[in-house]
Structure formats: C-alpha cells, structure tokens
Amino acid sequence: MRMKEFAVFGLGEFGKSVALNLAKSGCEVLAVDKDSEKVSEIADEVTYAVTADVADFNVLKSLGINNLDGVIVAMAESLEASIMATIFAKELGVPYVMAKAYTEVQATVLRKVGADAIAFPEYEMGLRIAKNLVSGHFMDFVELSSKFSMVEMELPHSWEGRTLRELNPRDRLKVNVIAVRTGEDVTVNPNPDLPFEKGQILIIVGDNHMLEGLNNQE
C-alpha cells in the first residue's frame with residue numbers, strides 16, 4: 001500500500017505538530033518554511049524539509065507538490081501568503097488543501113480561493129478543553145458530530161470484576177466500549193468475557209445524552 005504524501009507550509013506550533021504527527025503516522029512529509037531555523041529543527045523528523053517562500057508559484061512548482069495527496073497551509077499570521085499558497089497549490093493540481101484560519105472572515109476568503117477544509121486549531125482546542133473541564137469523570141472528550149462523541153474515562157467502580165457481556169453497555173446504556181487501556185497497552189475490540197480490572201481506562205463511543213448518563217456511573 002502506497003504511503004500518503006503531504007506538504008506542510010509554515011512550521012509554527014500548529015504546522016510543526018501536524019508535520020510531526022503525519023510523519024509518525026507513516027506518511028511522507030515535505031515541511032516548508034521561510035525560517036531556516038524552524039526548518040532545521042524538524043529536518044530529521046520528516047521526509048524533506050525545505051527553506052522556501054510558498055507564496056511564490058515557481059517555488060511551489062519546483063517542489064513537485066502536484067504529486068502529493070494533500071497540503072496543509074499553516075501560515076495564518078499572513079493571510080496574503082496563505083491565500084497565494086492555497087491558490088497555487090490548487091492550480092498545480094493538489095487534490096486536497098487544508099488552510100489554517102483565525103477568524104471566519106479568513107476562513108471565508110480561503111474557501112473562496114480553493115481551500116477544501118479550514119482548521120481553527122485555537123478555537124477547536126479551546127472547545128475541547130472546555131468540554132473536558134465540564135465532563136466530570138471523562139479524561140478526554142472528542143465530539144464526532146453534534147449528537148455523538150468519543151470519551152476516555154476511568155473504569156467505574158461498579159464495573160470492576162465484571163465483563164462486557166455481563167454489563168451489556170451496548171443494549172443497556174446505548175454506548176460502545178471500543179478499547180481498553182491497561183497501563184501503556186491498548187486493546188481494541190476487548191474480549192467480552194474478560195473481567196475488567198481496577199485502574200483500567202475505557203474508550204467509549206455513543207450518543208452524547210447517553211454518555212452524560214454514563215458519566216454518573218460509580
């Protein structure tokens with residue numbers, strides 16, 4: 001199976017994080033920034049790292065980005081550079097361009113010039129932190145849609161020593177336990193006949209209303 005190939009334009013905190021995580025996921029990554037120091041910092045962690053101005057059409061063309069699966073435009077500090085990089089990437093045939101934005105106005109402009117998706121990392125992180133703060137026993141909370149979420153929570157005391165088959169959360173609580181973490185080990189699709197142990201962490205998907213009810217389990 002062919003490895004997916006991406007380019008990340010702009011190596012601030014957001015761009016650097018995206019590039020590193022794509023690389024860790026097995027993708028080939030081209031990381032580009034005008035700041036040579038930022039490029040040097042990431043050079044050993046990605047496939048290619050280049051110091052260049054992505055707002056220059058000829059520069060992007062020379063990088064061969066037309067062969068990539070996608071481009072992440074992460075220089076929201078300069079709207080003009082983000083606009084030009086997005087336009088040029090689409091003109092060169094990149095099938096998927098995600099652009100970072102700080103405001104809805106920036107997002108609207110970037111969509112109009114061809115961005116396929118918009119990232120609001122600061123807003124999305126703030127929303128996630130707020131949900132985690134009000135989610136009680138949940139250690140992490142990821143909204144999948146307006147109705148469904150995925151949560152990470154400590155094993156309720158009442159579940160200790162009992163099995164998934166016995167507890168039957170799918171029918172009884174309308175939620176699915178998709179993984180169990182024991183220390184550093186994560187088991188996906190856990191054995192329904194294996195008793196839960198104190199200290200385990202559950203990863204659960206379900207309707208938001210039902211998850212709130214689960215949050216009150218002891």
# chains A, B, ... in the order shown; residues from 1 in each chain; ligands from 1
>>> residues_around(residues="Lys34 (chain A)", least_positions_apart="2", cutoff="9 Å", atoms="only C-alpha atoms", output="ChimeraX atom specification")
/A:10-11,32,36-39,50-54
>>> write_last_selection(atoms="N, CA, C and O atoms", output="PDB file, in the first residue's frame")
ATOM      1  N   GLY A  10       4.528  26.276   6.572  1.00  0.00           N
ATOM      2  CA  GLY A  10       4.509  27.052   7.812  1.00  0.00           C
ATOM      3  C   GLY A  10       4.745  26.138   9.005  1.00  0.00           C
ATOM      4  O   GLY A  10       3.953  25.229   9.258  1.00  0.00           O
ATOM      5  N   LEU A  11       5.844  26.374   9.704  1.00  0.00           N
ATOM      6  CA  LEU A  11       6.233  25.471  10.793  1.00  0.00           C
ATOM      7  C   LEU A  11       6.173  26.148  12.155  1.00  0.00           C
ATOM      8  O   LEU A  11       7.080  26.021  12.974  1.00  0.00           O
ATOM      9  N   VAL A  32       7.857  22.916   4.900  1.00  0.00           N
ATOM     10  CA  VAL A  32       8.395  24.116   4.252  1.00  0.00           C
ATOM     11  C   VAL A  32       8.144  25.349   5.120  1.00  0.00           C
ATOM     12  O   VAL A  32       7.044  25.538   5.643  1.00  0.00           O
ATOM     13  N   SER A  36      14.776  29.378   8.240  1.00  0.00           N
ATOM     14  CA  SER A  36      15.692  28.234   8.151  1.00  0.00           C
ATOM     15  C   SER A  36      15.873  27.529   9.493  1.00  0.00           C
ATOM     16  O   SER A  36      16.116  26.318   9.537  1.00  0.00           O
ATOM     17  N   GLU A  37      15.757  28.284  10.595  1.00  0.00           N
ATOM     18  CA  GLU A  37      15.897  27.660  11.911  1.00  0.00           C
ATOM     19  C   GLU A  37      14.755  26.684  12.178  1.00  0.00           C
ATOM     20  O   GLU A  37      14.974  25.586  12.700  1.00  0.00           O
ATOM     21  N   LYS A  38      13.551  27.074  11.832  1.00  0.00           N
ATOM     22  CA  LYS A  38      12.410  26.181  12.005  1.00  0.00           C
ATOM     23  C   LYS A  38      12.549  24.941  11.129  1.00  0.00           C
ATOM     24  O   LYS A  38      12.195  23.821  11.533  1.00  0.00           O
ATOM     25  N   VAL A  39      13.066  25.131   9.937  1.00  0.00           N
ATOM     26  CA  VAL A  39      13.273  24.002   9.025  1.00  0.00           C
ATOM     27  C   VAL A  39      14.324  23.054   9.601  1.00  0.00           C
ATOM     28  O   VAL A  39      14.150  21.828   9.579  1.00  0.00           O
ATOM     29  N   VAL A  50      12.423  22.007   3.711  1.00  0.00           N
ATOM     30  CA  VAL A  50      12.942  22.980   2.755  1.00  0.00           C
ATOM     31  C   VAL A  50      12.680  24.409   3.239  1.00  0.00           C
ATOM     32  O   VAL A  50      11.589  24.710   3.732  1.00  0.00           O
ATOM     33  N   THR A  51      13.676  25.256   3.080  1.00  0.00           N
ATOM     34  CA  THR A  51      13.502  26.677   3.350  1.00  0.00           C
ATOM     35  C   THR A  51      13.080  27.348   2.048  1.00  0.00           C
ATOM     36  O   THR A  51      13.837  27.354   1.073  1.00  0.00           O
ATOM     37  N   ALA A  52      11.851  27.857   2.020  1.00  0.00           N
ATOM     38  CA  ALA A  52      11.346  28.435   0.775  1.00  0.00           C
ATOM     39  C   ALA A  52      10.146  29.331   1.053  1.00  0.00           C
ATOM     40  O   ALA A  52       9.521  29.251   2.106  1.00  0.00           O
ATOM     41  N   ASP A  53       9.826  30.163   0.069  1.00  0.00           N
ATOM     42  CA  ASP A  53       8.667  31.051   0.137  1.00  0.00           C
ATOM     43  C   ASP A  53       7.533  30.412  -0.652  1.00  0.00           C
ATOM     44  O   ASP A  53       7.542  30.392  -1.879  1.00  0.00           O
ATOM     45  N   VAL A  54       6.521  29.886   0.066  1.00  0.00           N
ATOM     46  CA  VAL A  54       5.443  29.159  -0.607  1.00  0.00           C
ATOM     47  C   VAL A  54       4.449  30.096  -1.300  1.00  0.00           C
ATOM     48  O   VAL A  54       3.517  29.621  -1.963  1.00  0.00           O
TER      49      VAL A  54
END
>>> residues_around(residues="Met84 (chain A)", least_positions_apart="3", cutoff="8 Å", atoms="only C-alpha atoms", output="list of chain:residue names")
A:Val54, A:Ala55, A:Asp56, A:Glu80, A:Ala81, A:Ile87, A:Phe88
>>> write_last_selection(atoms="N, CA and C atoms", output="PDB file, in the first residue's frame")
ATOM      1  N   VAL A  54       6.521  29.886   0.066  1.00  0.00           N
ATOM      2  CA  VAL A  54       5.443  29.159  -0.607  1.00  0.00           C
ATOM      3  C   VAL A  54       4.449  30.096  -1.300  1.00  0.00           C
ATOM      4  N   ALA A  55       4.621  31.400  -1.139  1.00  0.00           N
ATOM      5  CA  ALA A  55       3.770  32.348  -1.851  1.00  0.00           C
ATOM      6  C   ALA A  55       4.312  32.635  -3.245  1.00  0.00           C
ATOM      7  N   ASP A  56       5.349  31.911  -3.651  1.00  0.00           N
ATOM      8  CA  ASP A  56       5.961  32.066  -4.972  1.00  0.00           C
ATOM      9  C   ASP A  56       5.583  30.847  -5.820  1.00  0.00           C
ATOM     10  N   GLU A  80      -2.250  36.978   3.256  1.00  0.00           N
ATOM     11  CA  GLU A  80      -1.864  37.055   1.852  1.00  0.00           C
ATOM     12  C   GLU A  80      -1.068  35.822   1.431  1.00  0.00           C
ATOM     13  N   ALA A  81      -0.104  35.420   2.274  1.00  0.00           N
ATOM     14  CA  ALA A  81       0.704  34.234   1.945  1.00  0.00           C
ATOM     15  C   ALA A  81      -0.166  32.988   1.920  1.00  0.00           C
ATOM     16  N   ILE A  87      -4.085  29.133  -3.513  1.00  0.00           N
ATOM     17  CA  ILE A  87      -4.373  29.259  -4.952  1.00  0.00           C
ATOM     18  C   ILE A  87      -3.374  28.460  -5.773  1.00  0.00           C
ATOM     19  N   PHE A  88      -2.088  28.640  -5.481  1.00  0.00           N
ATOM     20  CA  PHE A  88      -1.054  27.970  -6.271  1.00  0.00           C
ATOM     21  C   PHE A  88      -1.125  26.449  -6.111  1.00  0.00           C
TER      22      PHE A  88
END
>>> atom_distance(atom1="CA of Ala85 (chain A)", atom2="CA of Glu45 (chain A)")
23.4 Å
>>> closest_residue(among="A:Asp116, A:Leu194, A:Arg111, A:Asp69", to="Met98 (chain A)", atoms="only C-alpha atoms")
A:Asp116
>>> residues_around(residues="Trp159 (chain A)", least_positions_apart="3", cutoff="12 Å", atoms="only C-alpha atoms", output="MDAnalysis selection string")
chainID A and resid 154:156 162:169 194:202 214 217:218
>>> select_by_dssp(residues="chain A", states="helix (DSSP H, G or I)", output="MDAnalysis selection string")
chainID A and resid 13:24 36:42 57:62 65:67 79:91 104:112 121:133 157:159 164:167 169:172 208:214
>>> closest_residue(among="A:Ile204, A:Leu173, A:Ala107, A:Val73", to="Met153 (chain A)", atoms="only C-alpha atoms")
A:Ile204
